[in-house]
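**Student:** So that you have it, the file is target-v3.csv, and it contains CSV, C-alpha atoms:
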chain,number,residue,atom,x,y,z
A,79,MET,CA,-23.6,62.0,-41.0
A,80,SER,CA,-20.7,59.9,-42.0
A,81,LYS,CA,-19.4,62.8,-44.1
A,82,GLU,CA,-19.6,64.9,-41.0
A,83,LYS,CA,-17.6,62.3,-39.1
A,84,TYR,CA,-14.6,62.8,-41.3
A,85,THR,CA,-14.6,66.6,-41.0
A,86,ASP,CA,-12.3,68.3,-38.5
A,87,GLU,CA,-14.9,70.7,-37.1
A,88,SER,CA,-17.3,68.1,-35.6
A,89,GLU,CA,-16.8,65.9,-32.6
A,90,PHE,CA,-13.0,66.1,-32.2
A,91,ARG,CA,-12.7,69.9,-31.8
A,92,GLU,CA,-11.5,69.7,-28.2
A,93,LEU,CA,-9.1,66.9,-28.9
A,94,LYS,CA,-7.7,68.8,-31.8
A,95,LYS,CA,-7.2,71.8,-29.6
A,96,LEU,CA,-5.4,69.7,-27.0
A,97,LEU,CA,-3.1,68.3,-29.7
A,98,LYS,CA,-2.4,71.7,-31.2
A,99,ASP,CA,-1.5,73.1,-27.8
A,100,LEU,CA,1.1,70.5,-27.1
A,101,PRO,CA,4.5,72.0,-26.6
A,102,LYS,CA,6.8,71.8,-29.6
A,103,VAL,CA,9.8,69.6,-29.1
A,104,ASN,CA,13.0,70.9,-30.6
A,105,THR,CA,16.3,69.4,-31.4
A,106,PRO,CA,19.2,70.0,-29.0
A,107,ASP,CA,21.4,73.1,-29.5
A,108,ASN,CA,24.3,71.1,-30.8
A,109,PHE,CA,22.3,69.3,-33.4
A,110,GLU,CA,23.5,71.2,-36.4
A,111,PHE,CA,27.1,71.2,-35.2
A,112,ASN,CA,27.0,67.4,-34.7
A,113,LEU,CA,25.4,66.9,-38.1
A,114,MET,CA,27.8,69.1,-40.0
A,115,THR,CA,30.8,67.5,-38.2
A,116,LYS,CA,29.5,64.1,-39.3
A,117,ILE,CA,29.0,65.2,-42.8
A,118,GLN,CA,32.5,66.8,-43.1
A,119,ASN,CA,34.2,63.8,-41.5
A,120,LYS,CA,32.1,61.6,-43.7
A,121,SER,CA,31.4,59.4,-40.7
A,122,PHE,CA,27.9,58.6,-41.8
A,123,GLU,CA,25.2,56.8,-40.0
A,124,VAL,CA,25.6,53.5,-38.4
A,125,LYS,CA,22.1,52.6,-39.5
A,126,SER,CA,23.2,52.5,-43.1
A,127,GLU,CA,25.9,50.0,-42.2
A,128,LYS,CA,23.3,48.0,-40.3
A,129,LYS,CA,21.2,48.1,-43.5
A,130,LYS,CA,24.2,46.8,-45.5
A,131,SER,CA,24.7,44.0,-43.0
A,132,TRP,CA,21.0,43.3,-43.2
A,133,LEU,CA,21.3,43.3,-47.0
A,134,THR,CA,24.1,40.8,-46.8
A,135,TRP,CA,22.2,38.7,-44.4
A,136,SER,CA,19.2,38.7,-46.7
A,137,LEU,CA,21.4,37.8,-49.6
A,138,THR,CA,23.3,35.1,-47.8
A,139,PRO,CA,20.5,32.4,-48.1
A,140,ALA,CA,20.3,33.1,-51.9
A,141,ILE,CA,24.1,32.9,-52.2
A,142,THR,CA,24.3,29.7,-50.1
A,143,PHE,CA,21.5,28.1,-52.1
A,144,ALA,CA,23.2,29.0,-55.4
A,145,MET,CA,26.5,27.6,-54.1
A,146,SER,CA,24.9,24.4,-52.9
A,147,VAL,CA,23.2,23.9,-56.2
A,148,PHE,CA,26.4,24.6,-58.0
A,149,LEU,CA,28.3,22.1,-55.8
A,150,ILE,CA,25.6,19.4,-56.0
A,151,PHE,CA,25.5,19.8,-59.8
A,152,PHE,CA,29.2,19.3,-60.2
A,153,VAL,CA,29.5,16.5,-57.6
A,154,PHE,CA,26.7,14.5,-59.1
A,155,THR,CA,27.8,15.0,-62.7
A,156,GLY,CA,31.4,14.0,-61.6
A,157,GLU,CA,30.1,10.8,-60.0
A,158,GLU,CA,28.1,10.0,-63.1
A,159,GLU,CA,31.3,10.0,-65.1
A,160,SER,CA,33.2,7.9,-62.6
A,161,GLU,CA,32.7,4.2,-62.8
A,162,ASP,CA,33.4,3.6,-59.1
A,163,ASN,CA,29.9,4.4,-57.8
A,164,PRO,CA,27.9,1.2,-58.2
A,165,TRP,CA,24.5,3.0,-57.7
A,166,ASN,CA,25.0,5.1,-60.8
A,167,THR,CA,27.0,2.7,-63.0
A,168,LEU,CA,25.0,-0.5,-62.4
A,169,PRO,CA,23.0,-0.3,-65.6
A,170,GLN,CA,26.1,0.6,-67.6
A,171,LEU,CA,28.0,-2.2,-66.1
A,172,MET,CA,25.2,-4.6,-67.0
A,173,GLU,CA,25.3,-3.4,-70.5
A,174,GLU,CA,29.1,-3.6,-70.6
A,175,ASN,CA,28.9,-7.1,-69.2
A,176,VAL,CA,26.5,-8.2,-71.9
A,177,ALA,CA,28.8,-6.7,-74.5
A,178,GLU,CA,31.8,-8.3,-72.9
A,179,ALA,CA,30.0,-11.6,-72.7
A,180,GLU,CA,29.2,-11.3,-76.4
A,181,ILE,CA,32.7,-10.5,-77.2
A,182,LEU,CA,33.9,-13.4,-75.1
A,183,THR,CA,31.5,-15.8,-76.8
A,184,VAL,CA,32.6,-14.6,-80.2
A,185,ASP,CA,36.2,-15.0,-79.2
A,186,LYS,CA,35.5,-18.5,-77.8
A,187,ASP,CA,33.8,-19.5,-81.0
A,188,GLU,CA,36.7,-18.1,-83.0
A,189,ILE,CA,39.2,-19.9,-80.8
A,190,ARG,CA,37.2,-23.1,-81.1
A,191,GLU,CA,37.1,-22.8,-84.8
A,192,LYS,CA,40.8,-22.2,-84.9
A,193,VAL,CA,41.5,-25.2,-82.7
A,194,VAL,CA,39.2,-27.4,-84.8
A,195,LYS,CA,41.0,-26.1,-87.9
A,196,LYS,CA,44.4,-26.9,-86.4
A,197,GLU,CA,43.2,-30.3,-85.4
A,198,MET,CA,41.9,-30.8,-88.8
A,199,SER,CA,45.1,-29.7,-90.4
A,200,LYS,CA,47.0,-32.0,-88.1
A,201,THR,CA,44.9,-35.0,-88.9
A,202,SER,CA,45.1,-34.2,-92.6
A,203,LYS,CA,48.9,-33.9,-92.3
A,204,SER,CA,49.1,-37.2,-90.5
A,205,LYS,CA,46.8,-38.7,-93.2
A,206,ASN,CA,49.1,-37.3,-95.9
A,207,LEU,CA,52.1,-38.7,-94.1
A,208,ALA,CA,50.4,-42.0,-93.8
A,209,THR,CA,49.5,-42.1,-97.5
A,210,SER,CA,52.9,-41.0,-98.5
A,211,ASN,CA,54.4,-44.0,-97.0
A,212,SER,CA,55.7,-46.9,-99.0
A,213,ILE,CA,52.9,-49.1,-97.8
A,214,LYS,CA,50.7,-48.0,-100.7
A,215,LYS,CA,52.9,-50.0,-103.0
A,216,ASP,CA,52.5,-53.2,-101.1
A,217,TYR,CA,48.7,-52.9,-100.6
A,218,PRO,CA,45.9,-52.3,-103.1
A,219,PHE,CA,44.7,-49.1,-101.2
A,220,GLU,CA,45.1,-45.9,-103.0
A,221,LYS,CA,45.3,-42.5,-101.3
A,222,LYS,CA,42.1,-41.3,-102.8
A,223,SER,CA,39.6,-43.8,-101.8
A,224,SER,CA,38.9,-47.4,-100.7
A,225,ILE,CA,38.7,-50.2,-103.1
A,226,ASN,CA,35.8,-52.2,-104.5
A,227,PHE,CA,36.7,-55.7,-103.6
A,228,ASP,CA,34.1,-57.3,-105.9
A,229,GLU,CA,35.5,-55.5,-108.9
A,230,TYR,CA,38.9,-56.1,-107.8
A,231,LEU,CA,38.4,-59.9,-107.4
A,232,GLN,CA,36.5,-60.2,-110.7
A,233,ALA,CA,39.1,-58.3,-112.7
A,234,ASP,CA,42.1,-60.2,-111.3
A,235,ALA,CA,44.0,-57.1,-111.6
A,236,PRO,CA,44.2,-53.9,-109.7
A,237,PRO,CA,41.9,-51.1,-111.0
A,238,SER,CA,43.2,-47.9,-112.3
A,239,SER,CA,44.1,-45.4,-109.6
A,240,GLU,CA,41.8,-42.8,-111.2
A,241,VAL,CA,38.6,-44.8,-110.9
A,242,GLY,CA,39.0,-45.2,-107.2
A,243,ALA,CA,37.8,-48.1,-105.2
A,244,ARG,CA,34.6,-48.2,-103.3
A,245,LEU,CA,33.2,-50.2,-100.6
A,246,ALA,CA,31.4,-53.4,-101.6
A,247,GLY,CA,27.9,-52.8,-102.8
A,248,SER,CA,28.2,-49.0,-102.5
A,249,GLN,CA,27.1,-47.4,-105.7
A,250,ASN,CA,26.2,-44.2,-104.1
A,251,SER,CA,28.6,-41.5,-105.0
A,252,ASN,CA,27.5,-39.3,-102.1
A,253,ALA,CA,28.8,-41.9,-99.6
A,254,SER,CA,31.8,-40.9,-97.7
A,255,PRO,CA,35.0,-42.4,-99.1
A,256,PHE,CA,36.7,-45.1,-97.1
A,257,ASP,CA,40.4,-44.6,-96.8
A,258,GLY,CA,41.1,-48.1,-95.8
A,259,PHE,CA,43.1,-49.7,-93.0
A,260,PHE,CA,46.7,-48.6,-92.4
A,261,LEU,CA,49.2,-51.0,-90.9
A,262,ARG,CA,52.1,-49.9,-88.8
A,263,GLN,CA,55.4,-50.4,-90.7
A,264,ARG,CA,58.0,-52.4,-88.8
A,265,ARG,CA,61.6,-52.3,-89.3
A,266,ASP,CA,63.4,-55.3,-90.7
A,267,ALA,CA,65.2,-57.5,-88.1
A,268,GLN,CA,68.2,-57.7,-90.5
A,269,GLU,CA,68.4,-54.0,-90.9
A,270,ARG,CA,68.1,-53.5,-87.1
A,271,ASP,CA,70.9,-56.1,-86.5
A,272,SER,CA,73.2,-54.4,-89.1
A,273,VAL,CA,72.7,-51.0,-87.5
A,274,ASN,CA,73.4,-52.5,-84.0
A,275,LYS,CA,76.5,-54.1,-85.4
A,276,GLU,CA,77.7,-50.9,-86.8
A,277,LYS,CA,77.1,-49.1,-83.5
A,278,ASP,CA,79.1,-51.8,-81.7
A,279,SER,CA,82.0,-51.6,-84.1
A,280,LEU,CA,82.1,-47.9,-83.8
A,281,SER,CA,82.1,-48.1,-80.0
A,282,GLN,CA,84.9,-50.7,-80.1
A,283,GLN,CA,87.0,-48.5,-82.3
A,284,GLU,CA,86.6,-45.6,-79.9
A,285,LYS,CA,87.7,-47.8,-77.0
A,286,ASP,CA,90.7,-49.0,-78.8
A,287,GLU,CA,91.8,-45.5,-79.7
A,288,ASN,CA,91.4,-44.5,-76.0
A,289,ILE,CA,93.5,-47.3,-74.9
A,290,LYS,CA,96.2,-46.3,-77.4
B,231,MET,CA,23.3,90.8,-51.2
B,232,THR,CA,25.3,87.9,-49.7
B,233,LEU,CA,24.8,84.3,-50.8
B,234,ASP,CA,23.2,83.3,-47.5
B,235,LYS,CA,20.6,86.1,-47.6
B,236,LYS,CA,19.8,85.3,-51.1
B,237,LEU,CA,19.4,81.6,-50.3
B,238,ILE,CA,17.2,82.3,-47.3
B,239,SER,CA,14.7,84.0,-49.5
B,240,LEU,CA,14.4,80.9,-51.6
B,241,SER,CA,11.6,78.3,-51.2
B,242,ASP,CA,12.3,74.8,-50.1
B,243,GLU,CA,12.2,73.4,-53.6
B,244,GLU,CA,14.5,76.1,-54.9
B,245,LEU,CA,17.0,75.4,-52.2
B,246,ILE,CA,17.1,71.7,-52.8
B,247,LYS,CA,17.5,72.4,-56.5
B,248,GLU,CA,20.4,74.6,-55.7
B,249,PHE,CA,21.9,71.9,-53.6
B,250,GLN,CA,21.3,69.3,-56.2
B,251,ASP,CA,22.7,71.3,-59.1
B,252,ASN,CA,25.7,73.2,-57.5
B,253,ASN,CA,26.2,71.1,-54.3
B,254,THR,CA,25.8,74.3,-52.3
B,255,LEU,CA,26.2,73.4,-48.7
B,256,GLU,CA,24.6,76.6,-47.5
B,257,ALA,CA,21.4,75.6,-49.2
B,258,TYR,CA,21.5,72.3,-47.4
B,259,GLU,CA,22.2,74.1,-44.1
B,260,ILE,CA,19.2,76.4,-44.5
B,261,LEU,CA,16.9,73.4,-45.2
B,262,VAL,CA,18.3,71.6,-42.1
B,263,LYS,CA,17.5,74.7,-40.1
B,264,ARG,CA,14.0,75.0,-41.5
B,265,PHE,CA,13.0,71.3,-41.0
B,266,LYS,CA,15.0,70.0,-38.0
B,267,ASP,CA,12.5,71.2,-35.3
B,268,PRO,CA,9.2,70.2,-37.2
B,269,LEU,CA,10.8,66.9,-37.9
B,270,MET,CA,11.9,66.5,-34.3
B,271,ASN,CA,8.4,67.3,-33.1
B,272,PHE,CA,6.9,64.8,-35.5
B,273,VAL,CA,9.3,62.0,-34.7
B,274,TYR,CA,9.1,62.6,-30.9
B,275,ARG,CA,5.3,62.5,-30.9
B,276,PHE,CA,5.5,59.3,-32.9
B,277,LEU,CA,8.2,57.5,-30.8
B,278,GLY,CA,8.0,59.3,-27.4
B,279,ASP,CA,11.8,59.2,-26.9
B,280,ARG,CA,13.8,62.4,-27.2
B,281,ASP,CA,17.3,60.9,-27.7
B,282,ILE,CA,16.1,58.4,-30.3
B,283,SER,CA,14.1,61.1,-32.0
B,284,THR,CA,17.3,63.3,-32.2
B,285,ASP,CA,19.2,60.4,-33.8
B,286,ILE,CA,16.4,59.8,-36.3
B,287,VAL,CA,16.2,63.4,-37.3
B,288,GLN,CA,20.0,63.4,-37.7
B,289,ASP,CA,19.8,60.2,-39.8
B,290,THR,CA,17.0,61.9,-41.9
B,291,MET,CA,19.3,64.8,-42.6
B,292,ILE,CA,22.2,62.6,-43.5
B,293,LYS,CA,20.0,60.6,-45.8
B,294,PHE,CA,18.8,63.8,-47.4
B,295,TYR,CA,22.5,64.9,-47.9
B,296,LEU,CA,23.5,61.5,-49.4
B,297,LYS,CA,20.5,60.9,-51.5
B,298,LYS,CA,19.7,64.4,-52.6
B,299,ASP,CA,19.4,63.3,-56.2
B,300,SER,CA,16.5,60.9,-55.4
B,301,TYR,CA,14.3,63.9,-54.8
B,302,GLN,CA,12.2,64.9,-57.8
B,303,SER,CA,10.8,68.4,-58.1
B,304,ILE,CA,7.3,67.1,-58.8
B,305,ALA,CA,6.8,66.6,-55.1
B,306,LYS,CA,7.0,69.1,-52.3
B,307,PHE,CA,10.3,69.0,-50.4
B,308,SER,CA,8.5,68.9,-47.1
B,309,THR,CA,6.6,65.8,-48.2
B,310,TRP,CA,9.8,64.1,-49.2
B,311,ILE,CA,11.7,64.8,-46.0
B,312,TYR,CA,8.8,63.9,-43.8
B,313,THR,CA,8.5,60.6,-45.7
B,314,ILE,CA,12.1,59.8,-45.0
B,315,ALA,CA,11.7,60.7,-41.3
B,316,GLY,CA,8.5,58.7,-41.1
B,317,ASN,CA,10.1,55.6,-42.6
B,318,LEU,CA,13.0,55.8,-40.3
B,319,SER,CA,10.7,56.2,-37.3
B,320,LYS,CA,8.7,53.1,-38.4
B,321,ASN,CA,11.8,51.1,-38.7
B,322,GLU,CA,12.8,52.2,-35.2
B,323,LEU,CA,9.4,51.1,-33.9
B,324,LYS,CA,9.8,47.7,-35.6
B,325,ARG,CA,13.2,47.3,-34.0
B,326,ARG,CA,11.8,48.3,-30.7
B,327,LYS,CA,9.0,45.8,-31.0
B,328,ARG,CA,11.4,43.0,-31.7
B,329,ARG,CA,13.4,44.0,-28.6
B,330,THR,CA,10.2,44.2,-26.5
B,331,ILE,CA,9.0,40.8,-27.6
B,332,LEU,CA,12.4,39.3,-26.5
B,333,SER,CA,12.3,41.1,-23.2
B,334,ILE,CA,8.7,40.1,-22.5
B,335,SER,CA,9.5,36.5,-23.3
B,336,ASN,CA,12.2,36.6,-20.6
B,337,ASP,CA,10.1,38.4,-18.0
B,338,ASP,CA,7.2,37.3,-15.9
B,339,PRO,CA,4.0,38.4,-17.8
B,340,ASP,CA,2.3,39.7,-14.6
B,341,ASP,CA,5.2,42.1,-14.0
B,342,TYR,CA,4.9,43.3,-17.6
B,343,THR,CA,1.2,44.3,-17.3
B,344,LEU,CA,1.8,46.0,-14.0
B,345,GLN,CA,4.6,48.1,-15.5
B,346,ILE,CA,2.4,49.2,-18.4
B,347,GLU,CA,-0.5,50.3,-16.2
B,348,ASP,CA,1.8,52.2,-13.9
B,349,LYS,CA,3.7,53.9,-16.6
B,350,ASN,CA,1.0,55.1,-18.9
B,351,PHE,CA,-1.4,56.8,-16.7
B,352,VAL,CA,-0.9,59.4,-14.0
B,353,ALA,CA,-3.4,60.0,-11.3
B,354,PRO,CA,-6.3,62.3,-12.3
B,355,ASP,CA,-5.6,64.8,-9.5
B,356,ARG,CA,-2.3,65.7,-11.0
B,357,ALA,CA,-3.8,66.2,-14.5
B,358,ALA,CA,-4.3,69.9,-14.0
B,359,ASP,CA,-0.6,70.7,-14.5
B,360,ASN,CA,0.2,71.5,-18.1
B,361,SER,CA,3.4,69.6,-18.4
B,362,ILE,CA,1.7,66.6,-16.9
B,363,LYS,CA,-1.2,67.1,-19.2
B,364,SER,CA,1.1,67.0,-22.2
B,365,GLU,CA,2.8,64.0,-20.9
B,366,ILE,CA,-0.5,62.2,-20.5
B,367,ILE,CA,-1.4,63.2,-24.1
B,368,GLN,CA,1.9,61.9,-25.4
B,369,LYS,CA,1.5,58.6,-23.6
B,370,ALA,CA,-2.1,58.3,-24.9
B,371,LEU,CA,-0.7,59.0,-28.4
B,372,LEU,CA,1.7,56.2,-28.0
B,373,LYS,CA,-1.1,53.8,-27.1
B,374,VAL,CA,-2.8,54.5,-30.5
B,375,LYS,CA,-1.8,52.1,-33.2
B,376,PRO,CA,1.1,53.4,-35.3
B,377,ILE,CA,-0.8,53.5,-38.6
B,378,TYR,CA,-3.4,55.8,-36.9
B,379,ARG,CA,-0.9,57.7,-34.8
B,380,GLU,CA,1.2,58.8,-37.8
B,381,VAL,CA,-1.7,60.4,-39.6
B,382,VAL,CA,-3.2,62.0,-36.5
B,383,ILE,CA,0.2,63.6,-35.7
B,384,LEU,CA,0.7,64.8,-39.3
B,385,ARG,CA,-2.8,66.3,-39.4
B,386,ASP,CA,-3.5,67.6,-35.9
B,387,ILE,CA,0.0,68.4,-34.6
B,388,GLU,CA,2.0,69.2,-37.8
B,389,GLY,CA,-1.1,70.8,-39.5
B,390,MET,CA,-0.6,69.1,-42.9
B,391,SER,CA,-3.3,68.8,-45.5
B,392,TYR,CA,-5.0,65.6,-46.5
B,393,ASP,CA,-3.2,65.7,-49.8
B,394,GLU,CA,0.2,66.0,-48.3
B,395,ILE,CA,-0.5,63.2,-45.8
B,396,SER,CA,-1.8,61.1,-48.7
B,397,ASP,CA,1.4,61.7,-50.7
B,398,MET,CA,3.6,61.1,-47.7
B,399,THR,CA,1.9,57.8,-46.6
B,400,ASP,CA,1.2,56.6,-50.1
B,401,LEU,CA,-2.5,56.2,-49.2
B,402,SER,CA,-5.7,57.4,-50.8
B,403,ILE,CA,-7.3,60.5,-49.2
B,404,GLY,CA,-10.3,58.4,-48.1
B,405,THR,CA,-8.0,56.0,-46.3
B,406,VAL,CA,-6.1,58.9,-44.7
B,407,LYS,CA,-9.4,60.5,-43.5
B,408,SER,CA,-10.7,57.2,-42.2
B,409,ARG,CA,-7.4,56.5,-40.3
B,410,ILE,CA,-7.4,60.0,-38.8
B,411,ASN,CA,-10.9,59.5,-37.6
B,412,ARG,CA,-10.2,56.1,-36.0
B,413,GLY,CA,-7.0,57.5,-34.4
B,414,ARG,CA,-8.9,60.4,-33.0
B,415,ALA,CA,-11.7,58.3,-31.7
B,416,HIS,CA,-9.2,56.0,-29.9
B,417,LEU,CA,-7.3,59.0,-28.5
B,418,GLN,CA,-10.5,60.7,-27.3
B,419,LYS,CA,-11.4,57.5,-25.4
B,420,LEU,CA,-8.0,57.5,-23.8
B,421,LEU,CA,-8.1,61.2,-22.8
B,422,LYS,CA,-11.7,61.3,-21.6
B,423,HIS,CA,-10.7,62.2,-18.1
B,424,ILE,CA,-8.7,65.2,-19.1
B,425,TYR,CA,-11.6,67.3,-20.6
Re-express the file's structure as structure tokens.
**Tutor:**
Amino acid sequence: MSKEKYTDESEFRELKKLLKDLPKVNTPDNFEFNLMTKIQNKSFEVKSEKKKSWLTWSLTPAITFAMSVFLIFFVFTGEEESEDNPWNTLPQLMEENVAEAEILTVDKDEIREKVVKKEMSKTSKSKNLATSNSIKKDYPFEKKSSINFDEYLQADAPPSSEVGARLAGSQNSNASPFDGFFLRQRRDAQERDSVNKEKDSLSQQEKDENIK
Amino acid sequence: MTLDKKLISLSDEELIKEFQDNNTLEAYEILVKRFKDPLMNFVYRFLGDRDISTDIVQDTMIKFYLKKDSYQSIAKFSTWIYTIAGNLSKNELKRRKRRTILSISNDDPDDYTLQIEDKNFVAPDRAADNSIKSEIIQKALLKVKPIYREVVILRDIEGMSYDEISDMTDLSIGTVKSRINRGRAHLQKLLKHIY
């Protein structure tokens, strides 16, 4: 029965007849003329232009998406390179700070060492100056070390400079050497008077010459 | 024997080949002459508007002129040209549908239903007249869904075979038969008062 349903000859015979008897609709008389004019003038259909515009419209989202991705890519990569943006450069800055801090501490240590060395050299210079004074001749202290008073008193004579004096009771060689006390050397009163006198006489001479 | 007379004796497929190979405009003109009215009839029955149908048939012919090389000799020329016309008609329907949706959204829905009822059916006492009868059939055809309408027109008005319709619509023969049957059933229901 279903097979019969799909055949033309069954239940739709009258309908088919109606449809077949429908009057034929023809193109207008100037159809061919208009068509050939269009073809010869190459003024082709507007619909194709519409289609082109539709095509461009359909492509526009893809193009805009690609452009935006392109722009975003370059903008973000550019910002990553620049150090101005704190959001992106924060971890880098922290690292840099740590590195700088390390450098600074290293520098500080170096500076400190240098300062200490300088101070040490100054003190050693002053020590050298002090030892090089003529005081050493007057007192039993040598430049190398302090003196062993017990030995000094027992011997009744100054010990050799090479042996070096030590503090009383100190037999330990590891003990730090005592350089002894240093007294400030004062100028002689006589010497001072003589220098003053010379200054006075010189000034007197100058005055005389001016008067003349 | 002149060129025109020689060409007229050629089949559709031979003419298109002549046009493809030698760009013979006479061959194209003969094909236009052969197919303009059947296409007009098909498009008019599908769309129901004479002016728009004329434009679509003209567009079909222009498309045929511009894209002649896309035709392959394995298919019948009639199938190819009907496919072009069918596609353009469907596009027009879609465009019209969009426009109708917009206009309906602007109008009062009660007015719209009234308009449809008044337009589509003529009083039965006037149905005797042939012209009115054909008008009623045309309006009934337009009430059938386009997917059924297309195959019913191709089969019952244009007299094409199932194979040709199958090639044209890119559907299986079974689907074509089924759609024709459904379209006819709907149409018969609409035209019950005529016969």
**Student:** Using all atoms listed in the file, determine which residues of chain A fall within 7 Å of chain B; present them as a list in words.
**Tutor:** Tyr84, Leu93, Lys94, Leu97, Lys98, Leu100, Lys102, Val103, Asn104, Thr105, Leu113 and Glu123 of chain A
**Student:** Would you please work out which residue, of B:Leu277, B:Leu384, B:Leu237, B:Ile304, is nearest to Leu261 (chain B) when using all atoms listed in the file?
**Tutor:**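 Comparing B:Leu277, B:Leu384, B:Leu237, B:Ile304 against Leu261 (chain B), the winner is B:Leu237.
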**Student:** With all atoms listed in the file as the basis for distance, which of B:Phe294, B:Tyr392, B:Phe265, B:Phe307 is at the shortest distance from Glu244 (chain B)?
**Tutor:**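 Of B:Phe294, B:Tyr392, B:Phe265, B:Phe307, the one nearest Glu244 (chain B), counting all atoms listed in the file, is B:Phe307.
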**Student:** In Å, with one decimal, what is the gap from CA of Glu243 (chain B) to CA of Lys306 (chain B)?
**Tutor:**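 So the answer is 6.9 Å.
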**Student:** What separation in Å, quoted to one decimal, exists between CA of Lys324 (chain B) and CA of Lys373 (chain B)?
**Tutor:** 15.1 Å
**Student:** Could you work out how far CA of Ser241 (chain B) lies from CA of Ser121 (chain A), giving the answer in Å with one decimal?
**Tutor:**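 Spanning CA of Ser121 (chain A) to CA of Ser241 (chain B) is a straight-line distance of 29.3 Å.
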**Student:** Skip Thr309 (chain B) itself and residues of its chain fewer than 2 positions away, then list as a PyMOL selection string all residues within 12 Å of it, counting all atoms listed in the file.
**Tutor:** chain B and resi 242-243+265+269+301-307+311-316+384+388+390-400
**Student:** Nearest to Arg264 (chain B): which of A:Glu276, A:Glu92, A:Glu287, A:Glu110 is it, counting only C-alpha atoms?
**Tutor:**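 Of A:Glu276, A:Glu92, A:Glu287, A:Glu110, the one nearest Arg264 (chain B) is A:Glu110, counting only C-alpha atoms.
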**Student:** What's around Val374 (chain B) at 7 Å? Count all atoms listed in the file, leave out sequence neighbours fewer than 2 positions away in its own chain, and write the answer as a list in words.
**Tutor:**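 That gives Ala370, Leu371, Leu372, Pro376, Tyr378, Arg379, Gly413, His416 and Leu417 of chain B.
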